[in-house]
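Structure data (mmCIF, C-alpha atoms) from work-v5.cif:
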```cif
data_model
loop_
_atom_site.label_atom_id
_atom_site.label_comp_id
_atom_site.auth_asym_id
_atom_site.auth_seq_id
_atom_site.Cartn_x
_atom_site.Cartn_y
_atom_site.Cartn_z
CA MET C 307 -54.95 29.76 -85.48
CA ALA C 308 -52.25 31.06 -83.26
CA GLU C 309 -49.93 28.39 -84.52
CA GLU C 310 -50.50 29.36 -88.11
CA ASN C 311 -49.85 32.95 -87.33
CA THR C 312 -46.52 32.40 -85.72
CA SER C 313 -45.27 30.09 -88.42
CA GLN C 314 -45.92 32.82 -90.94
CA GLN C 315 -44.01 35.17 -88.79
CA GLN C 316 -41.10 32.84 -88.80
CA SER C 317 -40.96 32.66 -92.55
CA TYR C 318 -41.06 36.44 -92.62
CA GLY C 319 -38.05 36.60 -90.39
CA SER C 320 -35.97 34.23 -92.44
CA SER C 321 -36.75 35.66 -95.84
CA GLY C 322 -36.66 39.28 -94.69
CA GLY C 323 -32.93 39.22 -94.14
CA GLY C 324 -31.87 38.82 -97.73
CA GLY C 325 -34.86 40.63 -99.25
CA GLY C 326 -36.32 37.26 -99.99
CA PRO C 327 -38.51 35.91 -102.73
CA ARG C 328 -41.74 36.74 -100.99
CA SER C 329 -41.25 40.45 -100.55
CA SER C 330 -44.80 41.10 -99.58
CA GLY C 331 -44.70 44.48 -97.94
CA PRO C 332 -46.02 45.46 -94.60
CA GLY C 333 -49.47 46.07 -96.05
CA GLY C 334 -51.26 42.90 -97.04
CA GLY C 335 -49.71 39.77 -95.69
CA PRO C 336 -50.11 36.58 -97.67
CA GLY C 337 -52.60 35.32 -95.15
CA GLY C 338 -54.74 38.40 -95.63
CA ARG C 339 -55.77 38.16 -92.04
CA PRO C 340 -58.78 40.31 -91.31
CA GLY C 341 -58.47 43.07 -88.81
CA GLY C 342 -55.91 44.94 -86.77
CA PRO C 343 -52.29 43.97 -86.65
CA ALA C 344 -51.76 43.12 -90.35
CA LYS C 345 -51.96 46.78 -91.27
CA ARG C 346 -49.19 47.96 -89.02
CA GLY C 347 -46.86 45.17 -90.03
CA LYS C 348 -46.04 42.03 -88.21
CA ARG C 349 -45.89 41.75 -84.51
CA SER C 350 -42.21 41.71 -84.02
CA PHE C 351 -41.30 38.69 -82.00
CA VAL C 352 -39.39 35.71 -83.11
CA ARG C 353 -40.41 32.44 -81.64
CA LYS C 354 -37.45 30.58 -80.33
CA LYS C 355 -36.97 27.23 -81.97
CA LYS C 356 -37.51 24.53 -79.43
CA VAL C 357 -35.01 21.73 -79.42
CA CYS C 358 -35.35 18.31 -77.95
CA ARG C 359 -33.32 18.34 -74.77
CA PHE C 360 -32.56 14.66 -75.01
CA CYS C 361 -31.31 14.96 -78.57
CA VAL C 362 -28.94 17.68 -77.50
CA ASP C 363 -27.57 15.38 -74.83
CA LYS C 364 -27.63 12.48 -77.30
CA ALA C 365 -29.57 10.42 -74.79
CA ASP C 366 -29.90 6.78 -75.73
CA PHE C 367 -32.29 6.06 -72.94
CA ILE C 368 -34.12 7.95 -70.27
CA ASP C 369 -33.65 6.75 -66.74
CA TYR C 370 -36.84 6.54 -64.75
CA LYS C 371 -34.85 6.59 -61.54
CA LYS C 372 -33.69 10.15 -62.03
CA ALA C 373 -36.77 12.06 -61.03
CA GLU C 374 -34.99 15.39 -61.28
CA ILE C 375 -34.53 14.88 -65.02
CA LEU C 376 -38.16 13.98 -65.54
CA ALA C 377 -39.62 16.65 -63.29
CA PRO C 378 -39.46 19.51 -65.84
CA PHE C 379 -41.69 17.48 -68.16
CA ILE C 380 -44.68 17.27 -65.90
CA GLN C 381 -47.16 19.97 -65.04
CA GLU C 382 -47.86 21.29 -61.61
CA ARG C 383 -50.76 18.94 -61.27
CA GLY C 384 -48.76 15.96 -62.40
CA LYS C 385 -49.75 15.77 -66.05
CA ILE C 386 -47.14 14.88 -68.63
CA LEU C 387 -46.38 17.88 -70.81
CA PRO C 388 -47.13 17.49 -74.51
CA ARG C 389 -44.44 17.62 -77.13
CA ARG C 390 -45.62 20.89 -78.54
CA MET C 391 -44.78 22.57 -75.26
CA THR C 392 -41.47 21.01 -74.46
CA GLY C 393 -40.12 20.53 -77.98
CA THR C 394 -39.13 16.96 -77.30
CA CYS C 395 -38.77 14.85 -80.42
CA SER C 396 -41.21 12.01 -80.91
CA ARG C 397 -38.81 9.25 -80.15
CA HIS C 398 -37.66 10.79 -76.91
CA GLN C 399 -41.19 11.70 -75.91
CA ARG C 400 -42.11 8.05 -76.25
CA TRP C 401 -39.29 7.05 -73.96
CA LEU C 402 -40.03 9.91 -71.65
CA THR C 403 -43.64 8.97 -71.05
CA VAL C 404 -42.65 5.44 -70.19
CA ALA C 405 -39.98 6.70 -67.81
CA ILE C 406 -42.39 9.11 -66.14
CA LYS C 407 -44.97 6.40 -65.67
CA ARG C 408 -42.43 4.09 -64.12
CA ALA C 409 -41.28 6.82 -61.79
CA GLN C 410 -44.87 7.44 -60.78
CA ASN C 411 -45.31 3.81 -59.89
CA ILE C 412 -42.49 3.89 -57.41
CA ALA C 413 -43.51 7.22 -55.93
CA LEU C 414 -40.64 9.21 -57.37
CA LEU C 415 -43.10 11.41 -59.24
CA PRO C 416 -46.69 12.21 -58.36
CA PHE C 417 -49.68 10.93 -60.28
CA ALA C 418 -51.50 14.06 -59.27
CA ALA C 419 -50.61 16.87 -56.97
CA GLU C 420 -51.99 16.42 -53.51
CA LEU C 421 -54.93 18.46 -52.25
CA MET Z 248 -33.43 -18.62 -72.64
CA GLU Z 249 -30.98 -15.85 -72.66
CA GLU Z 250 -30.16 -13.95 -69.57
CA ARG Z 251 -32.29 -11.01 -68.58
CA LEU Z 252 -31.53 -8.00 -66.51
CA TYR Z 253 -33.98 -6.42 -64.13
CA ASP Z 254 -34.20 -3.40 -61.91
CA LEU Z 255 -35.92 -4.00 -58.65
CA ILE Z 256 -36.82 -1.15 -56.35
CA PHE Z 257 -38.72 -1.54 -53.15
CA ILE Z 258 -39.81 0.88 -50.49
CA CYS Z 259 -39.85 -0.02 -46.83
CA ARG Z 260 -41.69 1.75 -44.06
CA PRO Z 261 -39.46 4.53 -42.78
CA ASP Z 262 -39.65 3.35 -39.18
CA THR Z 263 -38.22 -0.11 -39.80
CA PRO Z 264 -34.81 -0.64 -38.22
CA GLU Z 265 -31.87 -1.11 -40.53
CA ALA Z 266 -31.50 -4.72 -39.40
CA ASP Z 267 -34.94 -5.63 -40.72
CA ILE Z 268 -34.19 -4.10 -44.07
CA ASP Z 269 -30.98 -6.05 -44.25
CA LYS Z 270 -32.95 -9.16 -43.41
CA VAL Z 271 -35.29 -8.53 -46.31
CA ILE Z 272 -32.36 -8.04 -48.64
CA THR Z 273 -30.62 -11.24 -47.55
CA THR Z 274 -33.79 -13.29 -47.95
CA LEU Z 275 -34.20 -11.88 -51.43
CA GLU Z 276 -30.64 -12.81 -52.23
CA HIS Z 277 -31.28 -16.33 -51.00
CA VAL Z 278 -34.40 -16.66 -53.05
CA ALA Z 279 -32.69 -15.35 -56.16
CA THR Z 280 -29.76 -17.75 -55.94
CA GLU Z 281 -32.05 -20.63 -55.12
CA LYS Z 282 -34.07 -20.06 -58.26
CA GLY Z 283 -31.02 -19.68 -60.44
CA GLY Z 284 -30.76 -15.92 -60.58
CA LYS Z 285 -28.18 -13.54 -59.27
CA ILE Z 286 -28.31 -10.19 -57.55
CA ASP Z 287 -25.71 -7.98 -59.17
CA SER Z 288 -25.83 -5.03 -56.87
CA VAL Z 289 -27.75 -3.68 -53.93
CA ASN Z 290 -27.94 0.00 -53.35
CA LYS Z 291 -29.69 1.53 -50.39
CA TRP Z 292 -30.94 4.95 -51.29
CA GLY Z 293 -32.12 5.49 -47.74
CA ARG Z 294 -35.04 7.52 -46.53
CA LYS Z 295 -36.60 9.62 -49.21
CA ARG Z 296 -39.69 11.68 -49.42
CA MET Z 297 -42.24 10.04 -51.67
CA ALA Z 298 -44.16 11.95 -54.29
CA TYR Z 299 -47.45 10.89 -52.78
CA ARG Z 300 -48.64 9.20 -49.65
CA VAL Z 301 -48.46 5.44 -49.46
CA GLN Z 302 -50.19 3.77 -46.55
CA LYS Z 303 -50.60 7.23 -45.08
CA LEU Z 304 -46.85 7.72 -44.97
CA ARG Z 305 -44.94 10.44 -46.74
CA GLU Z 306 -41.48 8.94 -46.47
CA GLY Z 307 -40.02 5.63 -47.36
CA TYR Z 308 -36.76 3.76 -47.27
CA TYR Z 309 -35.76 3.00 -50.86
CA VAL Z 310 -33.67 0.02 -51.80
CA TYR Z 311 -32.51 -0.49 -55.37
CA MET Z 312 -31.06 -3.69 -56.76
CA VAL Z 313 -30.10 -5.13 -60.12
CA ILE Z 314 -31.00 -8.73 -60.79
CA ARG Z 315 -29.73 -11.03 -63.47
CA SER Z 316 -31.52 -14.22 -64.34
CA SER Z 317 -32.59 -16.41 -67.17
CA GLN Z 318 -35.67 -17.71 -65.41
CA GLY Z 319 -38.81 -15.67 -65.19
CA GLU Z 320 -39.63 -17.62 -62.07
CA VAL Z 321 -37.06 -15.64 -60.13
CA VAL Z 322 -38.87 -12.36 -60.53
CA LYS Z 323 -42.17 -13.97 -59.76
CA GLU Z 324 -40.87 -15.41 -56.53
CA LEU Z 325 -39.11 -12.20 -55.51
CA GLU Z 326 -42.27 -10.21 -56.05
CA ARG Z 327 -44.26 -12.70 -54.04
CA ARG Z 328 -41.78 -12.38 -51.19
CA LEU Z 329 -41.93 -8.62 -51.33
CA LYS Z 330 -45.69 -8.70 -51.25
CA VAL Z 331 -45.61 -10.81 -48.12
CA ALA Z 332 -42.78 -9.00 -46.35
CA ASP Z 333 -44.11 -6.77 -43.63
CA PRO Z 334 -41.87 -3.71 -43.87
CA VAL Z 335 -42.23 -3.41 -47.65
CA MET Z 336 -44.81 -0.91 -48.83
CA LYS Z 337 -44.20 -0.84 -52.54
CA TYR Z 338 -42.01 -2.47 -55.12
CA LEU Z 339 -41.34 -2.25 -58.83
CA THR Z 340 -39.52 -4.56 -61.20
CA VAL Z 341 -38.46 -3.31 -64.59
CA ARG Z 342 -36.87 -5.36 -67.30
CA LEU Z 343 -33.79 -3.61 -68.53
CA ASP Z 344 -31.98 -5.74 -71.05
CA GLU Z 345 -34.13 -4.81 -74.03
CA GLU Z 346 -33.53 -1.16 -73.38
CA LEU Z 347 -29.84 -1.74 -72.97
CA LYS Z 348 -29.81 -3.58 -76.26
CA ARG Z 349 -31.53 -0.69 -77.94
CA GLN Z 350 -29.14 1.72 -76.33
CA ASP Z 351 -26.23 -0.29 -77.60
CA LYS Z 352 -27.61 -0.38 -81.08
CA LEU Z 353 -28.12 3.36 -81.19
CA LYS Z 354 -24.66 3.94 -79.91
CA ARG Z 355 -23.10 1.72 -82.55
CA HIS Z 356 -25.20 3.38 -85.18
CA ARG Z 357 -24.03 6.81 -84.09
CA GLU Z 358 -20.42 5.74 -84.03
CA ARG Z 359 -20.64 4.32 -87.49
CA ARG Z 360 -22.16 7.50 -88.76
CA ALA Z 361 -19.53 9.61 -87.05
CA ALA Z 362 -16.84 7.49 -88.63
CA ARG Z 363 -18.36 7.91 -92.07
CA ARG Z 364 -19.08 11.59 -91.91
CA PRO Z 365 -15.61 13.06 -92.55
CA ARG Z 366 -15.17 11.01 -95.72
CA LYS Z 367 -18.53 12.05 -96.98
CA THR Z 368 -18.16 15.77 -96.38
CA VAL Z 369 -14.74 16.24 -97.92
CA PRO Z 370 -15.66 15.46 -101.53
CA ALA Z 371 -19.01 17.15 -101.16
CA ALA Z 372 -17.58 20.48 -100.04
CA PRO Z 373 -15.75 21.66 -103.18
CA PRO Z 374 -18.07 21.48 -106.16
CA MET Z 375 -16.05 24.13 -107.92
CA PRO Z 376 -14.00 22.93 -110.91
CA GLY Z 377 -10.66 24.33 -109.73
CA THR Z 378 -10.53 22.59 -106.37
CA GLU Z 379 -11.70 19.19 -107.42
CA PRO Z 380 -8.39 17.41 -107.92
CA GLN Z 381 -7.18 18.55 -104.50
CA ALA Z 382 -10.21 17.11 -102.81
CA ALA Z 383 -9.87 13.83 -104.62
CA ALA Z 384 -6.31 13.39 -103.45
CA PRO Z 385 -6.91 12.68 -99.73
CA THR Z 386 -9.64 10.16 -100.36
CA ALA Z 387 -7.67 8.19 -102.88
#
```

Please express the file's structure as structure tokens.
Amino acid sequence: MAEENTSQQQSYGSSGGGGGPRSSGPGGGPGGRPGGPAKRGKRSFVRKKKVCRFCVDKADFIDYKKAEILAPFIQERGKILPRRMTGTCSRHQRWLTVAIKRAQNIALLPFAAEL
Amino acid sequence: MEERLYDLIFICRPDTPEADIDKVITTLEHVATEKGGKIDSVNKWGRKRMAYRVQKLREGYYVYMVIRSSQGEVVKELERRLKVADPVMKYLTVRLDEELKRQDKLKRHRERRAARRPRKTVPAAPPMPGTEPQAAAPTA
């Protein structure tokens, strides 16, 4: 539900600039969401578009030996972060999980946080 | 069988003297050459803190090497040796050549696309009638 909401917001932002095709006013949004915030217009925040870090770097492979690269993609407790949180593209996520698992095997990354 | 490339990392107990670690490395080298493989490089990372405890120890002496061989036997024998060797706590062998091949392929693909891009964008940019002959000139 939250996802849906924000994606609508995004389309608002893009079309709002040029007085876009869907000029639905501040009153009834297209979703017609019941209750509160729809009345007083959209909550004004723009979600930043997440970009795959490895695509930006044009990474052709992900080195399991570099734990400091992999570290941002695991949670405190050692879980691998999902794509929807990190914005990694599917191809790089696939490589990333393999790299993280290899690093775990050789004790460069934890399987689970201790204690 | 074509040649394969492997990464081999092993972790020694942190209290082993340097000489013992060197001994392990030389025996591995012997084994590799005996079985028809080759150790490309040995890199001692030294004492590092491990992400979790292994044999109740928090630190380990990491050694990283790259092995080249066309016989799977080599890796099998090396791993057996590592398992038996006293100072070694943990080891990992990873086959690399497939990934390198993929990396190569992607790189070539990207280069080809980069080479093609300028030609593609120049005629596409001016759809207006007035500018068309000018755009056609550089490509011809």

Show me, as a PDB file with C-alpha atoms, in the coordinates of the input, the residues that have an atom within 12 Å of stretch 325-333 of chain Z when counting all atoms listed in the file, minus same-chain residues fewer than 2 positions from it.
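Wrote selection34.pdb, looks like this:
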```pdb
ATOM      1  CA  TYR Z 253     -33.980  -6.420 -64.130  1.00  0.00           C
ATOM      2  CA  ASP Z 254     -34.200  -3.400 -61.910  1.00  0.00           C
ATOM      3  CA  LEU Z 255     -35.920  -4.000 -58.650  1.00  0.00           C
ATOM      4  CA  ILE Z 256     -36.820  -1.150 -56.350  1.00  0.00           C
ATOM      5  CA  PHE Z 257     -38.720  -1.540 -53.150  1.00  0.00           C
ATOM      6  CA  ILE Z 258     -39.810   0.880 -50.490  1.00  0.00           C
ATOM      7  CA  CYS Z 259     -39.850  -0.020 -46.830  1.00  0.00           C
ATOM      8  CA  ARG Z 260     -41.690   1.750 -44.060  1.00  0.00           C
ATOM      9  CA  ASP Z 262     -39.650   3.350 -39.180  1.00  0.00           C
ATOM     10  CA  THR Z 263     -38.220  -0.110 -39.800  1.00  0.00           C
ATOM     11  CA  ASP Z 267     -34.940  -5.630 -40.720  1.00  0.00           C
ATOM     12  CA  ILE Z 268     -34.190  -4.100 -44.070  1.00  0.00           C
ATOM     13  CA  LYS Z 270     -32.950  -9.160 -43.410  1.00  0.00           C
ATOM     14  CA  VAL Z 271     -35.290  -8.530 -46.310  1.00  0.00           C
ATOM     15  CA  ILE Z 272     -32.360  -8.040 -48.640  1.00  0.00           C
ATOM     16  CA  THR Z 273     -30.620 -11.240 -47.550  1.00  0.00           C
ATOM     17  CA  THR Z 274     -33.790 -13.290 -47.950  1.00  0.00           C
ATOM     18  CA  LEU Z 275     -34.200 -11.880 -51.430  1.00  0.00           C
ATOM     19  CA  GLU Z 276     -30.640 -12.810 -52.230  1.00  0.00           C
ATOM     20  CA  HIS Z 277     -31.280 -16.330 -51.000  1.00  0.00           C
ATOM     21  CA  VAL Z 278     -34.400 -16.660 -53.050  1.00  0.00           C
ATOM     22  CA  ALA Z 279     -32.690 -15.350 -56.160  1.00  0.00           C
ATOM     23  CA  THR Z 280     -29.760 -17.750 -55.940  1.00  0.00           C
ATOM     24  CA  GLU Z 281     -32.050 -20.630 -55.120  1.00  0.00           C
ATOM     25  CA  LYS Z 282     -34.070 -20.060 -58.260  1.00  0.00           C
ATOM     26  CA  GLY Z 284     -30.760 -15.920 -60.580  1.00  0.00           C
ATOM     27  CA  LYS Z 285     -28.180 -13.540 -59.270  1.00  0.00           C
ATOM     28  CA  ILE Z 286     -28.310 -10.190 -57.550  1.00  0.00           C
ATOM     29  CA  VAL Z 310     -33.670   0.020 -51.800  1.00  0.00           C
ATOM     30  CA  MET Z 312     -31.060  -3.690 -56.760  1.00  0.00           C
ATOM     31  CA  ILE Z 314     -31.000  -8.730 -60.790  1.00  0.00           C
ATOM     32  CA  SER Z 316     -31.520 -14.220 -64.340  1.00  0.00           C
ATOM     33  CA  GLN Z 318     -35.670 -17.710 -65.410  1.00  0.00           C
ATOM     34  CA  GLY Z 319     -38.810 -15.670 -65.190  1.00  0.00           C
ATOM     35  CA  GLU Z 320     -39.630 -17.620 -62.070  1.00  0.00           C
ATOM     36  CA  VAL Z 321     -37.060 -15.640 -60.130  1.00  0.00           C
ATOM     37  CA  VAL Z 322     -38.870 -12.360 -60.530  1.00  0.00           C
ATOM     38  CA  LYS Z 323     -42.170 -13.970 -59.760  1.00  0.00           C
ATOM     39  CA  VAL Z 335     -42.230  -3.410 -47.650  1.00  0.00           C
ATOM     40  CA  MET Z 336     -44.810  -0.910 -48.830  1.00  0.00           C
ATOM     41  CA  LYS Z 337     -44.200  -0.840 -52.540  1.00  0.00           C
ATOM     42  CA  TYR Z 338     -42.010  -2.470 -55.120  1.00  0.00           C
ATOM     43  CA  LEU Z 339     -41.340  -2.250 -58.830  1.00  0.00           C
ATOM     44  CA  THR Z 340     -39.520  -4.560 -61.200  1.00  0.00           C
ATOM     45  CA  VAL Z 341     -38.460  -3.310 -64.590  1.00  0.00           C
TER      46      VAL Z 341
END
```

Nearby residues (all atoms listed in the file) at most 8 Å from Z:Met297, same-chain spacing under 4 positions excluded, as a PyMOL selection string:
(chain C and resi 413-415) or (chain Z and resi 305-307)

**Request:** Name the residues that the PyMOL selection byres ((chain C) within 8 of (chain Z)) picks from the file above, as a PyMOL selection string, using the file's chain letters and numbers.
**Result:** chain C and resi 366-367+410-417+419-420

Could you check how far atom CA of Z:Gly293 sits from atom CA of C:Ala405, in Å to one decimal?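 Separation between atom CA of Z:Gly293 and atom CA of C:Ala405: 21.6 Å.
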
Computed gap from atom CA of C:Lys371 to atom CA of C:Lys355 is 29.1 Å

Atom pair atom CA of C:Lys372 + atom CA of C:Ile406, distance 9.7 Å

* To do: With the file shown as input, list the residues that the PyMOL selection byres ((chain C and resi 375) around 12) selects, as a PyMOL selection string.
  => chain C and resi 359-360+365+368-374+376-380+402+405-406+409+414-415

Between Z:Val313, Z:Leu304, Z:Ala266, Z:Ala362, smallest distance to Z:Ser288 by only C-alpha atoms belongs to Z:Val313

- Name the residues captured by the PyMOL selection byres ((chain C and resi 389-400) around 6) when it is applied to the shown file; answer as a list in words.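 Output of the PyMOL selection byres ((chain C and resi 389-400) around 6): Lys356, Val357, Cys358, Pro388, Trp401, Leu402 and Thr403 of chain C.
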
Please output stretch 368-395 of chain C, rebuilt to include N, CA and C atoms, as an mmCIF file, in the coordinates of the input.
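Below is the file that was written, selection.cif:
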```cif
data_model
loop_
_atom_site.group_PDB
_atom_site.id
_atom_site.type_symbol
_atom_site.label_atom_id
_atom_site.label_comp_id
_atom_site.auth_asym_id
_atom_site.auth_seq_id
_atom_site.Cartn_x
_atom_site.Cartn_y
_atom_site.Cartn_z
ATOM 1 N N ILE C 368 -33.740 6.996 -71.308
ATOM 2 C CA ILE C 368 -34.120 7.950 -70.270
ATOM 3 C C ILE C 368 -34.355 7.171 -68.989
ATOM 4 N N ASP C 369 -33.617 7.523 -67.981
ATOM 5 C CA ASP C 369 -33.650 6.750 -66.740
ATOM 6 C C ASP C 369 -34.827 7.182 -65.884
ATOM 7 N N TYR C 370 -35.678 6.204 -65.569
ATOM 8 C CA TYR C 370 -36.840 6.540 -64.750
ATOM 9 C C TYR C 370 -36.465 6.809 -63.302
ATOM 10 N N LYS C 371 -35.248 6.428 -62.932
ATOM 11 C CA LYS C 371 -34.850 6.590 -61.540
ATOM 12 C C LYS C 371 -34.421 8.019 -61.225
ATOM 13 N N LYS C 372 -34.139 8.787 -62.266
ATOM 14 C CA LYS C 372 -33.690 10.150 -62.030
ATOM 15 C C LYS C 372 -34.874 11.106 -62.143
ATOM 16 N N ALA C 373 -35.548 11.256 -61.030
ATOM 17 C CA ALA C 373 -36.770 12.060 -61.030
ATOM 18 C C ALA C 373 -36.480 13.518 -61.377
ATOM 19 N N GLU C 374 -35.281 13.970 -61.042
ATOM 20 C CA GLU C 374 -34.990 15.390 -61.280
ATOM 21 C C GLU C 374 -34.866 15.706 -62.774
ATOM 22 N N ILE C 375 -34.568 14.672 -63.570
ATOM 23 C CA ILE C 375 -34.530 14.880 -65.020
ATOM 24 C C ILE C 375 -35.951 14.922 -65.577
ATOM 25 N N LEU C 376 -36.810 14.096 -65.015
ATOM 26 C CA LEU C 376 -38.160 13.980 -65.540
ATOM 27 C C LEU C 376 -39.066 15.111 -65.063
ATOM 28 N N ALA C 377 -38.730 15.663 -63.924
ATOM 29 C CA ALA C 377 -39.620 16.650 -63.290
ATOM 30 C C ALA C 377 -39.994 17.831 -64.198
ATOM 31 N N PRO C 378 -39.067 18.382 -64.990
ATOM 32 C CA PRO C 378 -39.460 19.510 -65.840
ATOM 33 C C PRO C 378 -40.516 19.149 -66.883
ATOM 34 N N PHE C 379 -40.761 17.872 -67.103
ATOM 35 C CA PHE C 379 -41.690 17.480 -68.160
ATOM 36 C C PHE C 379 -43.072 17.135 -67.640
ATOM 37 N N ILE C 380 -43.324 17.437 -66.394
ATOM 38 C CA ILE C 380 -44.680 17.270 -65.900
ATOM 39 C C ILE C 380 -45.213 18.607 -65.399
ATOM 40 N N GLN C 381 -46.526 18.721 -65.488
ATOM 41 C CA GLN C 381 -47.160 19.970 -65.040
ATOM 42 C C GLN C 381 -47.246 19.988 -63.528
ATOM 43 N N GLU C 382 -47.662 21.128 -63.045
ATOM 44 C CA GLU C 382 -47.860 21.290 -61.610
ATOM 45 C C GLU C 382 -48.755 20.201 -61.038
ATOM 46 N N ARG C 383 -49.795 19.901 -61.780
ATOM 47 C CA ARG C 383 -50.760 18.940 -61.270
ATOM 48 C C ARG C 383 -50.363 17.498 -61.570
ATOM 49 N N GLY C 384 -49.228 17.319 -62.178
ATOM 50 C CA GLY C 384 -48.760 15.960 -62.400
ATOM 51 C C GLY C 384 -48.963 15.429 -63.799
ATOM 52 N N LYS C 385 -49.555 16.232 -64.670
ATOM 53 C CA LYS C 385 -49.750 15.770 -66.050
ATOM 54 C C LYS C 385 -48.420 15.773 -66.794
ATOM 55 N N ILE C 386 -48.318 14.892 -67.770
ATOM 56 C CA ILE C 386 -47.140 14.880 -68.630
ATOM 57 C C ILE C 386 -47.306 15.978 -69.674
ATOM 58 N N LEU C 387 -46.288 16.794 -69.847
ATOM 59 C CA LEU C 387 -46.380 17.880 -70.810
ATOM 60 C C LEU C 387 -46.338 17.354 -72.239
ATOM 61 N N PRO C 388 -47.149 17.936 -73.124
ATOM 62 C CA PRO C 388 -47.130 17.490 -74.510
ATOM 63 C C PRO C 388 -45.870 17.959 -75.235
ATOM 64 N N ARG C 389 -45.620 17.321 -76.336
ATOM 65 C CA ARG C 389 -44.440 17.620 -77.130
ATOM 66 C C ARG C 389 -44.408 19.053 -77.637
ATOM 67 N N ARG C 390 -45.595 19.548 -77.965
ATOM 68 C CA ARG C 390 -45.620 20.890 -78.540
ATOM 69 C C ARG C 390 -45.186 21.943 -77.534
ATOM 70 N N MET C 391 -45.212 21.597 -76.264
ATOM 71 C CA MET C 391 -44.780 22.570 -75.260
ATOM 72 C C MET C 391 -43.317 22.422 -74.898
ATOM 73 N N THR C 392 -42.841 21.202 -74.900
ATOM 74 C CA THR C 392 -41.470 21.010 -74.460
ATOM 75 C C THR C 392 -40.490 20.909 -75.620
ATOM 76 N N GLY C 393 -41.002 20.632 -76.827
ATOM 77 C CA GLY C 393 -40.120 20.530 -77.980
ATOM 78 C C GLY C 393 -39.383 19.208 -78.074
ATOM 79 N N THR C 394 -39.767 18.268 -77.262
ATOM 80 C CA THR C 394 -39.130 16.960 -77.300
ATOM 81 C C THR C 394 -39.463 16.258 -78.621
ATOM 82 N N CYS C 395 -38.507 15.556 -79.172
ATOM 83 C CA CYS C 395 -38.770 14.850 -80.420
ATOM 84 C C CYS C 395 -39.618 13.620 -80.128
#
```
